[in-house]
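Chemist: Please read through the structure below; I'll follow up with questions.
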Amino acid sequence: MIRFEQTFMNFLIQHQEKYNRTYHFLILMDAMISAAKHIQYYYLTSALRGNLGLAGEVNVQGEDVMRMDQIAHEITIHYLRASGRVIHAVSEESDEIISINPDGRYFVYFDPLDGSSNIPHGLPVGFLFGIAKRNLEGPEDGHLRAGKDYIAAGMFVIPTGTFTFGLRGAGTWRFHIDETMTFVRPTRMVLPEETKTWELSFNAGNRRTYDEKVQRWITEHESKYAFRYLGALAGDVHRILSNGGMFMYPAIVNHPNPKKNRPEGKLRLMYEGAVVAFMCREAGGTAVNEAGIPILEIQPKTHHQRTALYVGSKELVEDIVRVLRTKK
Ligand code: AFP
């Protein structure tokens, strides 16, 4: 028997009434969904075309390889332009902010294919985005928005076909892709309070490069939780949103080669840190940087600004905040 499921767009229409959003937002989200499906298609078939390699390589057909992340960027910009609703976009794949339509209504900050070390293996990567709205009461100066000003944020895990979407004040929801490539079956994500499924997720190879107090915290707590790490933020945070626990990418301050230290962190604030922090807040969790400052409160100074990130269940993040705020 055929079972018809609730689609993402129907879900949005329902929630739009509840949260007073307009059809402009539906058009923008339709563009994001189209971009994700298009990227999904390219990713699923790119091993066949030999397009999972690095730029500058030549594939098995003797053609120049185009980087998948560049393809994903171009696809996304195409749909954002076609929507007519976007003033400007920030993409991980573009040095400059991309002006689109001065009469648009939204700002979109995105990373079209995050987790590049998984690309040559065809393993999961993420398409992450945050959306903010222009000032509708007066003139708009186009300043970069902090996560607390996003109206929505989401991440597609590609090519597994899950889509997690946080809508301001309306929770974080997960959708799955069906056989017609439609995102269906919304399930509300609420971080579990029960600790038995909680996980810790961080790059264990970097462990000795963290601040000593962070290293000590890990030593004290690691045996209580399972450890999981995919190396693609969308996949790792996908697990944390379901199972609880904490994902962290601490500042690198003790690297044996000091040139490789990253005291400001590695992840990007606007289209990585703030995106997962927003979804986590809507699911009952929280996120901070290395100083213990809430990620959503950080006002970006530059569009590719980096941050350290601790995100997940409140109890764990608040515990590490106490450590981060001590001197030694
Ligand atoms: P890349 O896209 O450069 O691989 O970075 C992915 C990422 O920004 C994020 O998705 C991961 O959580 C994190 O970096 C992985 O970084 P490491 O490879 O250093 O563990």
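Identifiers in this document derive from the order of the structure tokens: chains are assigned A, B, ..., residues are numbered from 1 separately in each chain, and ligands are numbered from 1 in order of occurrence.
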Produce as a PyMOL selection string the set of residues near ligand 1, where near means within 8 Å with only C-alpha atoms and all ligand atoms considered.

Modeler: chain A and resi 113-118+125-126+202-203+206+230-234+236+249+266-268+272

Chemist: Could you dump the residues just selected with N, CA, C and O atoms as a PDB file, in the first residue's frame?

Modeler:
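What ended up in out21.pdb:
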ATOM      1  N   LEU A 113      29.720  21.827   0.942  1.00  0.00           N
ATOM      2  CA  LEU A 113      30.212  20.448   1.037  1.00  0.00           C
ATOM      3  C   LEU A 113      31.303  20.413   2.099  1.00  0.00           C
ATOM      4  O   LEU A 113      32.472  20.629   1.813  1.00  0.00           O
ATOM      5  N   ASP A 114      30.885  20.162   3.314  1.00  0.00           N
ATOM      6  CA  ASP A 114      31.786  20.246   4.459  1.00  0.00           C
ATOM      7  C   ASP A 114      32.240  18.847   4.869  1.00  0.00           C
ATOM      8  O   ASP A 114      31.418  17.928   4.945  1.00  0.00           O
ATOM      9  N   GLY A 115      33.530  18.712   5.119  1.00  0.00           N
ATOM     10  CA  GLY A 115      34.063  17.392   5.512  1.00  0.00           C
ATOM     11  C   GLY A 115      34.843  16.811   4.364  1.00  0.00           C
ATOM     12  O   GLY A 115      34.695  15.636   4.008  1.00  0.00           O
ATOM     13  N   SER A 116      35.729  17.648   3.779  1.00  0.00           N
ATOM     14  CA  SER A 116      36.339  17.286   2.498  1.00  0.00           C
ATOM     15  C   SER A 116      37.192  16.017   2.565  1.00  0.00           C
ATOM     16  O   SER A 116      37.378  15.360   1.541  1.00  0.00           O
ATOM     17  N   SER A 117      37.667  15.648   3.764  1.00  0.00           N
ATOM     18  CA  SER A 117      38.496  14.435   3.801  1.00  0.00           C
ATOM     19  C   SER A 117      37.656  13.188   3.507  1.00  0.00           C
ATOM     20  O   SER A 117      38.196  12.134   3.167  1.00  0.00           O
ATOM     21  N   ASN A 118      36.328  13.296   3.599  1.00  0.00           N
ATOM     22  CA  ASN A 118      35.470  12.147   3.283  1.00  0.00           C
ATOM     23  C   ASN A 118      35.157  12.050   1.783  1.00  0.00           C
ATOM     24  O   ASN A 118      34.678  11.010   1.316  1.00  0.00           O
ATOM     25  N   VAL A 125      29.234  13.698   3.865  1.00  0.00           N
ATOM     26  CA  VAL A 125      29.672  15.088   3.992  1.00  0.00           C
ATOM     27  C   VAL A 125      28.431  15.901   4.370  1.00  0.00           C
ATOM     28  O   VAL A 125      27.327  15.346   4.451  1.00  0.00           O
ATOM     29  N   GLY A 126      28.602  17.185   4.600  1.00  0.00           N
ATOM     30  CA  GLY A 126      27.455  17.991   5.011  1.00  0.00           C
ATOM     31  C   GLY A 126      27.272  19.206   4.131  1.00  0.00           C
ATOM     32  O   GLY A 126      28.235  19.703   3.522  1.00  0.00           O
ATOM     33  N   PHE A 202      35.356  14.122  19.056  1.00  0.00           N
ATOM     34  CA  PHE A 202      36.432  15.087  18.775  1.00  0.00           C
ATOM     35  C   PHE A 202      37.537  14.349  18.046  1.00  0.00           C
ATOM     36  O   PHE A 202      37.585  13.120  18.067  1.00  0.00           O
ATOM     37  N   ASN A 203      38.427  15.105  17.411  1.00  0.00           N
ATOM     38  CA  ASN A 203      39.535  14.477  16.689  1.00  0.00           C
ATOM     39  C   ASN A 203      40.591  14.041  17.710  1.00  0.00           C
ATOM     40  O   ASN A 203      41.363  14.857  18.204  1.00  0.00           O
ATOM     41  N   ASN A 206      44.237  15.028  17.772  1.00  0.00           N
ATOM     42  CA  ASN A 206      44.636  16.386  18.181  1.00  0.00           C
ATOM     43  C   ASN A 206      44.728  16.537  19.692  1.00  0.00           C
ATOM     44  O   ASN A 206      45.121  17.591  20.193  1.00  0.00           O
ATOM     45  N   LEU A 230      33.430  11.209  12.857  1.00  0.00           N
ATOM     46  CA  LEU A 230      33.371  10.984  11.412  1.00  0.00           C
ATOM     47  C   LEU A 230      34.288  11.930  10.655  1.00  0.00           C
ATOM     48  O   LEU A 230      34.760  11.625   9.574  1.00  0.00           O
ATOM     49  N   GLY A 231      34.514  13.131  11.219  1.00  0.00           N
ATOM     50  CA  GLY A 231      35.331  14.130  10.534  1.00  0.00           C
ATOM     51  C   GLY A 231      34.522  15.008   9.599  1.00  0.00           C
ATOM     52  O   GLY A 231      35.077  15.756   8.803  1.00  0.00           O
ATOM     53  N   ALA A 232      33.202  14.919   9.672  1.00  0.00           N
ATOM     54  CA  ALA A 232      32.308  15.833   8.942  1.00  0.00           C
ATOM     55  C   ALA A 232      31.288  16.308   9.970  1.00  0.00           C
ATOM     56  O   ALA A 232      30.532  15.503  10.523  1.00  0.00           O
ATOM     57  N   LEU A 233      31.311  17.623  10.214  1.00  0.00           N
ATOM     58  CA  LEU A 233      30.518  18.194  11.310  1.00  0.00           C
ATOM     59  C   LEU A 233      29.048  17.773  11.258  1.00  0.00           C
ATOM     60  O   LEU A 233      28.460  17.438  12.287  1.00  0.00           O
ATOM     61  N   ALA A 234      28.460  17.785  10.048  1.00  0.00           N
ATOM     62  CA  ALA A 234      27.027  17.458   9.943  1.00  0.00           C
ATOM     63  C   ALA A 234      26.760  16.047  10.448  1.00  0.00           C
ATOM     64  O   ALA A 234      25.778  15.803  11.162  1.00  0.00           O
ATOM     65  N   ASP A 236      28.689  14.224  12.542  1.00  0.00           N
ATOM     66  CA  ASP A 236      28.972  14.094  13.980  1.00  0.00           C
ATOM     67  C   ASP A 236      27.878  14.755  14.820  1.00  0.00           C
ATOM     68  O   ASP A 236      27.446  14.205  15.830  1.00  0.00           O
ATOM     69  N   TYR A 249      35.487  20.818  18.995  1.00  0.00           N
ATOM     70  CA  TYR A 249      36.694  21.089  18.225  1.00  0.00           C
ATOM     71  C   TYR A 249      37.400  22.224  18.959  1.00  0.00           C
ATOM     72  O   TYR A 249      37.244  23.398  18.651  1.00  0.00           O
ATOM     73  N   LYS A 266      39.360  25.998  14.601  1.00  0.00           N
ATOM     74  CA  LYS A 266      39.425  25.664  13.163  1.00  0.00           C
ATOM     75  C   LYS A 266      38.111  25.921  12.449  1.00  0.00           C
ATOM     76  O   LYS A 266      38.080  26.354  11.305  1.00  0.00           O
ATOM     77  N   LEU A 267      37.006  25.630  13.112  1.00  0.00           N
ATOM     78  CA  LEU A 267      35.719  25.673  12.406  1.00  0.00           C
ATOM     79  C   LEU A 267      35.300  27.111  12.118  1.00  0.00           C
ATOM     80  O   LEU A 267      35.746  28.050  12.778  1.00  0.00           O
ATOM     81  N   ARG A 268      34.428  27.267  11.137  1.00  0.00           N
ATOM     82  CA  ARG A 268      33.971  28.611  10.746  1.00  0.00           C
ATOM     83  C   ARG A 268      32.727  28.969  11.550  1.00  0.00           C
ATOM     84  O   ARG A 268      31.816  28.143  11.690  1.00  0.00           O
ATOM     85  N   GLU A 272      29.336  27.063  10.170  1.00  0.00           N
ATOM     86  CA  GLU A 272      29.524  25.778  10.862  1.00  0.00           C
ATOM     87  C   GLU A 272      29.058  25.944  12.322  1.00  0.00           C
ATOM     88  O   GLU A 272      28.011  25.425  12.702  1.00  0.00           O
TER      89      GLU A 272
END

Chemist: Might you pull out every residue within 10 Å of Glu93 in chain A, with only C-alpha atoms counted and same-chain residues fewer than 4 positions away left off, and present them as an MDAnalysis selection string?

Modeler: chainID A and resid 69:74 110:113

Chemist: What does the file look like for those residues with C-alpha atoms, as an mmCIF file, in the first residue's frame?

Modeler:
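Written out: part-v1.cif:
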data_model
loop_
_atom_site.group_PDB
_atom_site.id
_atom_site.type_symbol
_atom_site.label_atom_id
_atom_site.label_comp_id
_atom_site.auth_asym_id
_atom_site.auth_seq_id
_atom_site.Cartn_x
_atom_site.Cartn_y
_atom_site.Cartn_z
ATOM 1 C CA ASP A 69 32.873 21.326 -3.260
ATOM 2 C CA GLN A 70 33.186 23.795 -6.149
ATOM 3 C CA ILE A 71 30.367 22.043 -8.011
ATOM 4 C CA ALA A 72 28.213 22.173 -4.859
ATOM 5 C CA HIS A 73 28.942 25.886 -4.460
ATOM 6 C CA GLU A 74 27.924 26.691 -8.026
ATOM 7 C CA PHE A 110 26.552 28.248 3.816
ATOM 8 C CA ASP A 111 29.155 25.561 3.396
ATOM 9 C CA PRO A 112 28.000 23.493 0.408
ATOM 10 C CA LEU A 113 30.212 20.448 1.037
#

Chemist: Using the chain letters and numbers from this document, which residues of range 23-217 of chain A does DSSP assign to alpha helix (DSSP H), as an NGL selection string?

Modeler: :A and (23-49 or 68-83 or 212-217)

Chemist: Each residue of range 224-296 of chain A lying at most 10 Å from range 303-322 of chain A should get a row with its shortest atom-to-atom pair and the distance in Å to one decimal, counting only C-alpha atoms; could you produce that, ordered by chain and increasing number, as a tab-separated table?

Modeler:
residue	atom	partner	partner_atom	distance
A:Val237	CA	A:Gly312	CA	8.0
A:Ile240	CA	A:Gly312	CA	6.4
A:Leu241	CA	A:Gly312	CA	7.2
A:Asn243	CA	A:Ser313	CA	9.4
A:Gly244	CA	A:Ser313	CA	5.7
A:Gly245	CA	A:Ser313	CA	5.3
A:Met246	CA	A:Gly312	CA	4.4
A:Phe247	CA	A:Val311	CA	5.4
A:Met248	CA	A:Tyr310	CA	4.4
A:Tyr249	CA	A:Leu309	CA	5.1
A:Pro250	CA	A:Ala308	CA	5.0
A:Ala251	CA	A:Ala308	CA	5.3
A:Ile252	CA	A:Ala308	CA	8.8
A:Arg262	CA	A:Ala308	CA	8.9
A:Pro263	CA	A:Ala308	CA	8.1
A:Glu264	CA	A:Thr307	CA	5.5
A:Gly265	CA	A:Ala308	CA	4.0
A:Lys266	CA	A:Arg306	CA	5.7
A:Leu267	CA	A:Arg306	CA	5.3
A:Arg268	CA	A:Arg306	CA	4.3
A:Leu269	CA	A:Arg306	CA	5.3
A:Met270	CA	A:His303	CA	6.8
A:Tyr271	CA	A:His304	CA	8.6
A:Glu272	CA	A:Thr307	CA	9.2
A:Gly273	CA	A:Leu309	CA	6.5
A:Ala274	CA	A:Leu309	CA	9.4
A:Val276	CA	A:Val311	CA	7.6
A:Ala277	CA	A:Val311	CA	6.5
A:Met279	CA	A:Gly312	CA	9.9
A:Cys280	CA	A:Gly312	CA	6.4
A:Arg281	CA	A:Gly312	CA	8.7
A:Ala283	CA	A:Ser313	CA	9.2
A:Gly284	CA	A:Lys314	CA	7.5
A:Gly285	CA	A:Ser313	CA	4.8
A:Thr286	CA	A:Lys314	CA	5.5
A:Ala287	CA	A:Val311	CA	4.1
A:Val288	CA	A:Tyr310	CA	5.4
A:Asn289	CA	A:Leu309	CA	4.9
A:Glu290	CA	A:Ala308	CA	5.5
A:Ala291	CA	A:Val321	CA	7.8
A:Gly292	CA	A:Val321	CA	4.9
A:Ile293	CA	A:Val321	CA	8.3
A:Pro294	CA	A:Tyr310	CA	9.5
A:Ile295	CA	A:Leu309	CA	7.7

Chemist: With N, CA and C atoms retained, export the selected residues as a CSV table (one decimal), in the first residue's frame.

Modeler:
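Heads up, here's the output in selection-v2.csv:
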chain,number,residue,atom,x,y,z
A,237,VAL,N,27.4,15.9,14.4
A,237,VAL,CA,26.4,16.6,15.2
A,237,VAL,C,25.0,15.9,15.0
A,240,ILE,N,25.0,13.5,17.7
A,240,ILE,CA,24.8,14.2,19.1
A,240,ILE,C,23.4,14.6,19.3
A,241,LEU,N,22.7,15.1,18.2
A,241,LEU,CA,21.3,15.5,18.3
A,241,LEU,C,20.4,14.4,18.6
A,243,ASN,N,21.6,11.2,20.1
A,243,ASN,CA,22.0,10.4,21.2
A,243,ASN,C,22.4,11.3,22.4
A,244,GLY,N,22.7,12.6,22.2
A,244,GLY,CA,23.1,13.4,23.3
A,244,GLY,C,24.6,13.3,23.5
A,245,GLY,N,25.2,14.1,24.4
A,245,GLY,CA,26.7,14.2,24.5
A,245,GLY,C,27.2,15.5,24.0
A,246,MET,N,28.5,15.4,23.6
A,246,MET,CA,29.1,16.7,23.1
A,246,MET,C,30.1,16.5,22.0
A,247,PHE,N,30.0,17.3,21.0
A,247,PHE,CA,31.0,17.4,19.9
A,247,PHE,C,31.9,18.6,20.3
A,248,MET,N,33.2,18.4,20.1
A,248,MET,CA,34.1,19.5,20.4
A,248,MET,C,35.2,19.6,19.4
A,249,TYR,N,35.5,20.8,19.0
A,249,TYR,CA,36.7,21.1,18.2
A,249,TYR,C,37.4,22.2,19.0
A,250,PRO,N,38.2,21.8,20.0
A,250,PRO,CA,38.8,22.9,20.8
A,250,PRO,C,39.9,23.6,20.1
A,251,ALA,N,40.4,24.7,20.7
A,251,ALA,CA,41.5,25.5,20.1
A,251,ALA,C,42.7,24.6,20.2
A,252,ILE,N,43.6,24.7,19.2
A,252,ILE,CA,44.9,24.0,19.2
A,252,ILE,C,45.9,25.0,19.7
A,262,ARG,N,46.2,26.7,16.5
A,262,ARG,CA,45.0,27.5,16.0
A,262,ARG,C,44.3,28.0,17.2
A,263,PRO,N,44.8,29.0,17.9
A,263,PRO,CA,44.2,29.5,19.2
A,263,PRO,C,42.8,30.0,18.9
A,264,GLU,N,42.5,30.4,17.7
A,264,GLU,CA,41.1,30.9,17.4
A,264,GLU,C,40.2,29.8,17.0
A,265,GLY,N,40.7,28.5,16.9
A,265,GLY,CA,39.9,27.4,16.5
A,265,GLY,C,40.0,27.1,15.1
A,266,LYS,N,39.4,26.0,14.6
A,266,LYS,CA,39.4,25.7,13.2
A,266,LYS,C,38.1,25.9,12.4
A,267,LEU,N,37.0,25.6,13.1
A,267,LEU,CA,35.7,25.7,12.4
A,267,LEU,C,35.3,27.1,12.1
A,268,ARG,N,34.4,27.3,11.1
A,268,ARG,CA,34.0,28.6,10.7
A,268,ARG,C,32.7,29.0,11.5
A,269,LEU,N,32.7,30.2,12.0
A,269,LEU,CA,31.6,30.6,12.9
A,269,LEU,C,30.3,30.7,12.2
A,270,MET,N,30.3,31.3,11.0
A,270,MET,CA,29.0,31.7,10.5
A,270,MET,C,28.2,30.5,9.8
A,271,TYR,N,29.0,29.6,9.2
A,271,TYR,CA,28.3,28.5,8.5
A,271,TYR,C,28.7,27.1,9.0
A,272,GLU,N,29.3,27.1,10.2
A,272,GLU,CA,29.5,25.8,10.9
A,272,GLU,C,29.1,25.9,12.3
A,273,GLY,N,29.9,26.7,13.1
A,273,GLY,CA,29.6,26.8,14.6
A,273,GLY,C,28.1,27.3,14.8
A,274,ALA,N,27.8,28.4,14.2
A,274,ALA,CA,26.5,29.1,14.6
A,274,ALA,C,25.3,28.2,14.1
A,276,VAL,N,25.2,24.8,13.8
A,276,VAL,CA,24.9,23.6,14.7
A,276,VAL,C,24.5,24.2,16.1
A,277,ALA,N,25.0,25.3,16.5
A,277,ALA,CA,24.6,25.9,17.8
A,277,ALA,C,23.1,26.2,17.8
A,279,MET,N,20.7,24.9,15.8
A,279,MET,CA,19.9,23.6,15.9
A,279,MET,C,19.9,23.0,17.2
A,280,CYS,N,21.1,23.1,17.9
A,280,CYS,CA,21.2,22.5,19.2
A,280,CYS,C,20.3,23.2,20.2
A,281,ARG,N,20.4,24.6,20.1
A,281,ARG,CA,19.5,25.4,21.1
A,281,ARG,C,18.0,25.0,20.9
A,283,ALA,N,16.9,22.3,20.0
A,283,ALA,CA,16.7,20.9,20.5
A,283,ALA,C,17.0,20.8,22.0
A,284,GLY,N,17.2,21.9,22.7
A,284,GLY,CA,17.4,21.9,24.1
A,284,GLY,C,18.8,21.9,24.6
A,285,GLY,N,19.8,22.0,23.6
A,285,GLY,CA,21.2,22.0,24.0
A,285,GLY,C,21.8,23.4,24.0
A,286,THR,N,23.1,23.4,23.9
A,286,THR,CA,23.8,24.7,23.9
A,286,THR,C,25.2,24.6,23.3
A,287,ALA,N,25.9,25.7,23.0
A,287,ALA,CA,27.2,25.7,22.4
A,287,ALA,C,28.0,26.9,22.8
A,288,VAL,N,29.3,26.7,23.1
A,288,VAL,CA,30.2,27.8,23.4
A,288,VAL,C,31.5,27.7,22.7
A,289,ASN,N,32.3,28.8,22.8
A,289,ASN,CA,33.6,28.8,22.2
A,289,ASN,C,34.7,28.5,23.3
A,290,GLU,N,36.0,28.7,23.0
A,290,GLU,CA,37.0,28.4,24.0
A,290,GLU,C,37.0,29.2,25.2
A,291,ALA,N,36.4,30.4,25.1
A,291,ALA,CA,36.3,31.3,26.3
A,291,ALA,C,35.0,31.0,27.1
A,292,GLY,N,34.2,30.0,26.6
A,292,GLY,CA,33.0,29.7,27.3
A,292,GLY,C,31.8,30.6,26.9
A,293,ILE,N,32.0,31.4,25.9
A,293,ILE,CA,31.0,32.4,25.4
A,293,ILE,C,30.0,31.7,24.5
A,294,PRO,N,28.7,31.9,24.7
A,294,PRO,CA,27.8,31.2,23.8
A,294,PRO,C,28.0,31.6,22.3
A,295,ILE,N,28.1,30.5,21.5
A,295,ILE,CA,28.4,30.7,20.1
A,295,ILE,C,27.4,31.7,19.5

Chemist: Output as JSON lines one row per residue of range 53-168 of chain A within 12 Å of range 23-40 of chain A: the closest atom pair and its distance in Å to one decimal place, counting only C-alpha atoms, sorted by chain and residue number ascending.

Modeler:
{"residue": "A:Met68", "atom": "CA", "partner": "A:Ile39", "partner_atom": "CA", "distance": 8.8}
{"residue": "A:Asp69", "atom": "CA", "partner": "A:Ile39", "partner_atom": "CA", "distance": 9.3}
{"residue": "A:Gln70", "atom": "CA", "partner": "A:Ile39", "partner_atom": "CA", "distance": 10.6}
{"residue": "A:Ile71", "atom": "CA", "partner": "A:Ile39", "partner_atom": "CA", "distance": 7.9}
{"residue": "A:Ala72", "atom": "CA", "partner": "A:Ile39", "partner_atom": "CA", "distance": 5.6}
{"residue": "A:His73", "atom": "CA", "partner": "A:Ile39", "partner_atom": "CA", "distance": 9.0}
{"residue": "A:Glu74", "atom": "CA", "partner": "A:Ala35", "partner_atom": "CA", "distance": 9.4}
{"residue": "A:Ile75", "atom": "CA", "partner": "A:Ala35", "partner_atom": "CA", "distance": 6.0}
{"residue": "A:Thr76", "atom": "CA", "partner": "A:Ala35", "partner_atom": "CA", "distance": 5.1}
{"residue": "A:Ile77", "atom": "CA", "partner": "A:Ala35", "partner_atom": "CA", "distance": 8.5}
{"residue": "A:His78", "atom": "CA", "partner": "A:Ala35", "partner_atom": "CA", "distance": 8.2}
{"residue": "A:Tyr79", "atom": "CA", "partner": "A:Ala31", "partner_atom": "CA", "distance": 5.2}
{"residue": "A:Leu80", "atom": "CA", "partner": "A:Ala31", "partner_atom": "CA", "distance": 6.1}
{"residue": "A:Arg81", "atom": "CA", "partner": "A:Ala31", "partner_atom": "CA", "distance": 9.0}
{"residue": "A:Ala82", "atom": "CA", "partner": "A:Ala31", "partner_atom": "CA", "distance": 7.8}
{"residue": "A:Ser83", "atom": "CA", "partner": "A:Leu28", "partner_atom": "CA", "distance": 6.0}
{"residue": "A:Gly84", "atom": "CA", "partner": "A:Leu28", "partner_atom": "CA", "distance": 8.3}
{"residue": "A:Arg85", "atom": "CA", "partner": "A:Leu28", "partner_atom": "CA", "distance": 6.3}
{"residue": "A:Val86", "atom": "CA", "partner": "A:Leu28", "partner_atom": "CA", "distance": 7.8}
{"residue": "A:Ile87", "atom": "CA", "partner": "A:Leu28", "partner_atom": "CA", "distance": 11.5}
{"residue": "A:Gly104", "atom": "CA", "partner": "A:His24", "partner_atom": "CA", "distance": 9.3}
{"residue": "A:Arg105", "atom": "CA", "partner": "A:His24", "partner_atom": "CA", "distance": 7.8}
{"residue": "A:Tyr106", "atom": "CA", "partner": "A:Leu28", "partner_atom": "CA", "distance": 8.4}
{"residue": "A:Phe107", "atom": "CA", "partner": "A:Leu28", "partner_atom": "CA", "distance": 10.3}
{"residue": "A:Val108", "atom": "CA", "partner": "A:Leu28", "partner_atom": "CA", "distance": 9.5}
{"residue": "A:Tyr109", "atom": "CA", "partner": "A:Met32", "partner_atom": "CA", "distance": 11.6}
{"residue": "A:Phe110", "atom": "CA", "partner": "A:Met32", "partner_atom": "CA", "distance": 10.2}
{"residue": "A:Asp111", "atom": "CA", "partner": "A:Ala36", "partner_atom": "CA", "distance": 11.5}
{"residue": "A:Pro112", "atom": "CA", "partner": "A:Ile39", "partner_atom": "CA", "distance": 8.4}
{"residue": "A:Leu113", "atom": "CA", "partner": "A:Ile39", "partner_atom": "CA", "distance": 8.7}
{"residue": "A:Gly122", "atom": "CA", "partner": "A:Gln40", "partner_atom": "CA", "distance": 11.3}
{"residue": "A:Pro124", "atom": "CA", "partner": "A:Gln40", "partner_atom": "CA", "distance": 10.5}
{"residue": "A:Val125", "atom": "CA", "partner": "A:Gln40", "partner_atom": "CA", "distance": 10.1}
{"residue": "A:Gly126", "atom": "CA", "partner": "A:Ala36", "partner_atom": "CA", "distance": 9.8}
{"residue": "A:Phe127", "atom": "CA", "partner": "A:Ala36", "partner_atom": "CA", "distance": 7.4}
{"residue": "A:Leu128", "atom": "CA", "partner": "A:Ala36", "partner_atom": "CA", "distance": 9.9}
{"residue": "A:Phe129", "atom": "CA", "partner": "A:Met32", "partner_atom": "CA", "distance": 8.9}
{"residue": "A:Gly130", "atom": "CA", "partner": "A:Met32", "partner_atom": "CA", "distance": 10.8}
{"residue": "A:Ile131", "atom": "CA", "partner": "A:Leu28", "partner_atom": "CA", "distance": 9.6}
{"residue": "A:Ala132", "atom": "CA", "partner": "A:Phe25", "partner_atom": "CA", "distance": 10.6}
{"residue": "A:Lys133", "atom": "CA", "partner": "A:Phe25", "partner_atom": "CA", "distance": 9.5}
{"residue": "A:Ile151", "atom": "CA", "partner": "A:Phe25", "partner_atom": "CA", "distance": 10.0}
{"residue": "A:Ala152", "atom": "CA", "partner": "A:Met29", "partner_atom": "CA", "distance": 9.9}
{"residue": "A:Ala153", "atom": "CA", "partner": "A:Met29", "partner_atom": "CA", "distance": 10.7}
{"residue": "A:Gly154", "atom": "CA", "partner": "A:Met32", "partner_atom": "CA", "distance": 9.8}
{"residue": "A:Met155", "atom": "CA", "partner": "A:Ala36", "partner_atom": "CA", "distance": 9.5}
{"residue": "A:Phe156", "atom": "CA", "partner": "A:Ala36", "partner_atom": "CA", "distance": 7.0}
{"residue": "A:Val157", "atom": "CA", "partner": "A:Gln40", "partner_atom": "CA", "distance": 9.0}
{"residue": "A:Ile158", "atom": "CA", "partner": "A:Gln40", "partner_atom": "CA", "distance": 5.8}
{"residue": "A:Pro159", "atom": "CA", "partner": "A:Gln40", "partner_atom": "CA", "distance": 5.5}
{"residue": "A:Thr160", "atom": "CA", "partner": "A:Gln40", "partner_atom": "CA", "distance": 8.6}
{"residue": "A:Gly161", "atom": "CA", "partner": "A:Gln40", "partner_atom": "CA", "distance": 7.6}
{"residue": "A:Thr162", "atom": "CA", "partner": "A:Ala36", "partner_atom": "CA", "distance": 10.4}
{"residue": "A:Phe163", "atom": "CA", "partner": "A:Ala36", "partner_atom": "CA", "distance": 9.3}
{"residue": "A:Thr164", "atom": "CA", "partner": "A:Ile33", "partner_atom": "CA", "distance": 11.8}
{"residue": "A:Phe165", "atom": "CA", "partner": "A:Met29", "partner_atom": "CA", "distance": 10.7}
{"residue": "A:Leu167", "atom": "CA", "partner": "A:Phe25", "partner_atom": "CA", "distance": 11.4}
